[in-house]
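Some notes on the structure that comes next.
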Amino acid sequence: MSDIDKAHDVRIENADLSKAEAAGYDLEDDSRDRAIARKVDFRLLPPIAALYAFSLIDRTNMGNAVIEGMAKDLKLIGNRYNIALLLFFITYAAVEIPCTLLIRRVRPRNFIGVIGVLWGSVLIGQAFVKDWRALAATRFVLGAMEGGYFPCCVFIVSAWSLRKDTGRRMAILYAFGVGASGVSSILAYGLARIPKSTGVGSWRGIFFFQGLITVVLAIILYFFIVDFPTANRNRFLSERDHARLLYALEKERASIEVDPVTPAKVGKYMLEWKNYVFALMFMCCTVTSYALSYFLPTLLRSKLKFSLVQAQCLVTPPYIFALILAIVTGHLSDKVKSRMLFICINSSLALIGLGLIYPVHIKPAVSYFGVFLLAGATNASIPLVLALGADNTTKNSRKAVQSAMSIMGGAVGGVFGSLVFYTKSAPNYHPGLEASMACNAFLICSSAFLTFVFKRRNARQAQGEVLEGQPGFRYSF
């Protein structure tokens with residue numbers, strides 16, 4: 001049986017290599033492969049990326065609400081704000097592996113559509129809380145509703161992607177979120193101007209209308225979300241192009257079949273050391289990323305002394321820079337076939353940015369330039385770390401566990417980010433900035449470590465050793 005015939009559920013009869021070639025179907029035609037990749041890009045990414053953008057807005061809009069009066073109305077004194085942030089990440093992390101395994105049993109559109117409506121509804125309810133305890137409770141539930149979304153997106157994208165496409169697609173997916181983070185402050189400022197007489201004025205309007213948009217968007221995008229590549233429902237590719245893609249995926253991996261997940265497999269994959277390195281790297285990225293989302297508006301107001309309007313608007317430009325940098329580094333990492341090189345470059349830029357923000361007595365313009373470097377470099381590293389994990393993982397069941405573990409590490413980073421940037425350390429937030437420095441130093445060191453280990457193992461593979469149980473597999477940098 002040919003390699004193409006192994007690709008199950010394909011809508012093509014007798015699609016073996018000889019017949020494909022006899023019909024003029026050149027398997028070495030790179031231009032055809034690029035055309036297929038573009039079709040997948042335009043069909044796969046926009047729906048899940050658009051909803052991801054609003055998921056990021058929905059989980060990080062607390063910082064905007066705080067400077068619009070929520071802290072005063074709900075009496076967020078002491079560490080109450082940090083507690084509300086922390087509770088979100090407890091449930092967010094807890095559901096990630098179960099949700100990633102669940103999406104293999106149900107169609108992606110069913111799973112994503114349902115949880116999108118659910119977390120949007122919770123956010124609408126958050127607009128009507130009366131005290132900080134109710135706020136903390138809604139954040140706890142919101143984490144459970146939203147926690148499964150991003151790891152499932154990463155899993156779906158990796159399932160559709162060859163190594164040469166993974167970095168770019170991860171970057172595009174995450175860039176939607178970064179761009180949304182950039183405009184979220186402007187959107188929040190506009191929504192907060194709604195009169196209080198409506199019942200959803202001021203900071204309540206931020207939660208209510210952003211939640212409503214999420215619910216509507218989830219319902220609309222339900223009809224556009226694609227299935228896994230091996231399914232028989234992906235009609236946007238022709239029969240031959242579908243077979244060609246499955247053949248390429250089959251050649252690069254041990255299998256493209258949705259191999260059954262058992263408790264024994266999950267336990268085995270969770271003991272693989274490199275999955276913990278990927279998770280720690282992702283955690284180090286999100287410590288700073290989440291902290292910026294929650295505390296940047298306050299930092300701009302309290303330390304850099306910008307007005308409310310200026311603080312809300314000045315959040316946007318650093319995230320636009322981050323969007324551009326994420327796409328550029330993702331594309332370049334595919335071209336030069338190196339994720340870790342660009343992770344090290346980004347982490348170095350982030351350390352420079354932190355050095356410009358840290359001093360107490362420094363011109364606001366200089367610190368704001370540091371915010372540019374920090375926001376851009378931190379957010380640009382996130383898709384690279386995700387792509388690095390996906391590139392070096394075989395089998396769909398292993399990819400599901402690996403992606404979920406990485407995103408769980410990101411949730412832990414959110415916990416740390418919400419704790420180290422605590423209210424009492426305002427306006428300079430030195431403990432949080434020092435923690436961010438340590439995280440970026442770890443990213444550089446772990447990249448060097450993985451490069452050393454992977455090169456040694458690839459050298460053994462060249463001598464005949466089989467890596468990851470897949471003949472021909474080599475680790476990617």
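By order of appearance in the structure tokens: chains A, B, ..., then residues from 1 within every chain, and ligands from 1 in the order shown.
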
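Shell of range 272-277 of chain A at 9 Å, with only C-alpha atoms counted and residues fewer than 2 places along the chain excluded, is A:Lys268, A:Tyr269, A:Met270, A:Ala279, A:Leu280, A:Met281, A:Phe282, A:Gly389, A:Val401, A:Gln402, A:Ser403, A:Met405, A:Ser406, A:Gly409, A:Ser446, A:Leu450.
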
Alpha helix (DSSP H) residues, from DSSP on the backbone, in range 302-372 of chain A, as a VMD selection string: chain A and resid 302 308 to 314 316 to 336 340 to 357 364 to 372

Counting only C-alpha atoms, the residue of A:Ala400, A:Leu212, A:Leu356, A:Leu142 that sits nearest Ala159 in chain A: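 Ranking A:Ala400, A:Leu212, A:Leu356, A:Leu142 by distance to Ala159 in chain A, first place goes to A:Ala400.
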
Near-Tyr475 in chain A list (7 Å; only C-alpha atoms; drop same-chain fewer than 6 positions) as an MDAnalysis selection string: chainID A and resid 392 454 458

Shortest interatomic distance to Asn234 in chain A - which of A:Glu250, A:Arg43, A:Gln210, A:Lys363, counting only C-alpha atoms: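 Smallest separation from Asn234 in chain A among the options: A:Arg43.
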
Option closest in space to Arg204 in chain A, from A:Ala65, A:Leu237, A:Leu292, A:Leu304 [counting only C-alpha atoms]: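 Answer, going by the shortest atom-to-atom distance: A:Ala65.
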
Listing only residues of range 120-161 of chain A within 10 Å of range 71-74 of chain A, what is the closest atom pair and its distance in Å (to one decimal) for each, using only C-alpha atoms, sorted by chain and residue number ascending, as CSV?
```
residue,atom,partner,partner_atom,distance
A:Val129,CA,A:Leu74,CA,8.5
A:Lys130,CA,A:Leu74,CA,6.7
A:Asp131,CA,A:Leu74,CA,4.8
A:Trp132,CA,A:Leu74,CA,5.3
A:Arg133,CA,A:Leu74,CA,8.9
A:Ala134,CA,A:Leu74,CA,9.4
A:Leu135,CA,A:Leu74,CA,8.4
```

Now that the selection is made, can you save its residues with C-alpha atoms as a PDB file, in the first residue's frame?
```
ATOM      1  CA  VAL A 129     -20.684  42.115  39.926  1.00  0.00           C
ATOM      2  CA  LYS A 130     -21.183  44.201  43.070  1.00  0.00           C
ATOM      3  CA  ASP A 131     -18.067  43.423  45.110  1.00  0.00           C
ATOM      4  CA  TRP A 132     -14.573  42.000  44.748  1.00  0.00           C
ATOM      5  CA  ARG A 133     -15.637  38.503  45.850  1.00  0.00           C
ATOM      6  CA  ALA A 134     -18.122  38.246  42.992  1.00  0.00           C
ATOM      7  CA  LEU A 135     -15.429  39.517  40.630  1.00  0.00           C
TER       8      LEU A 135
END
```
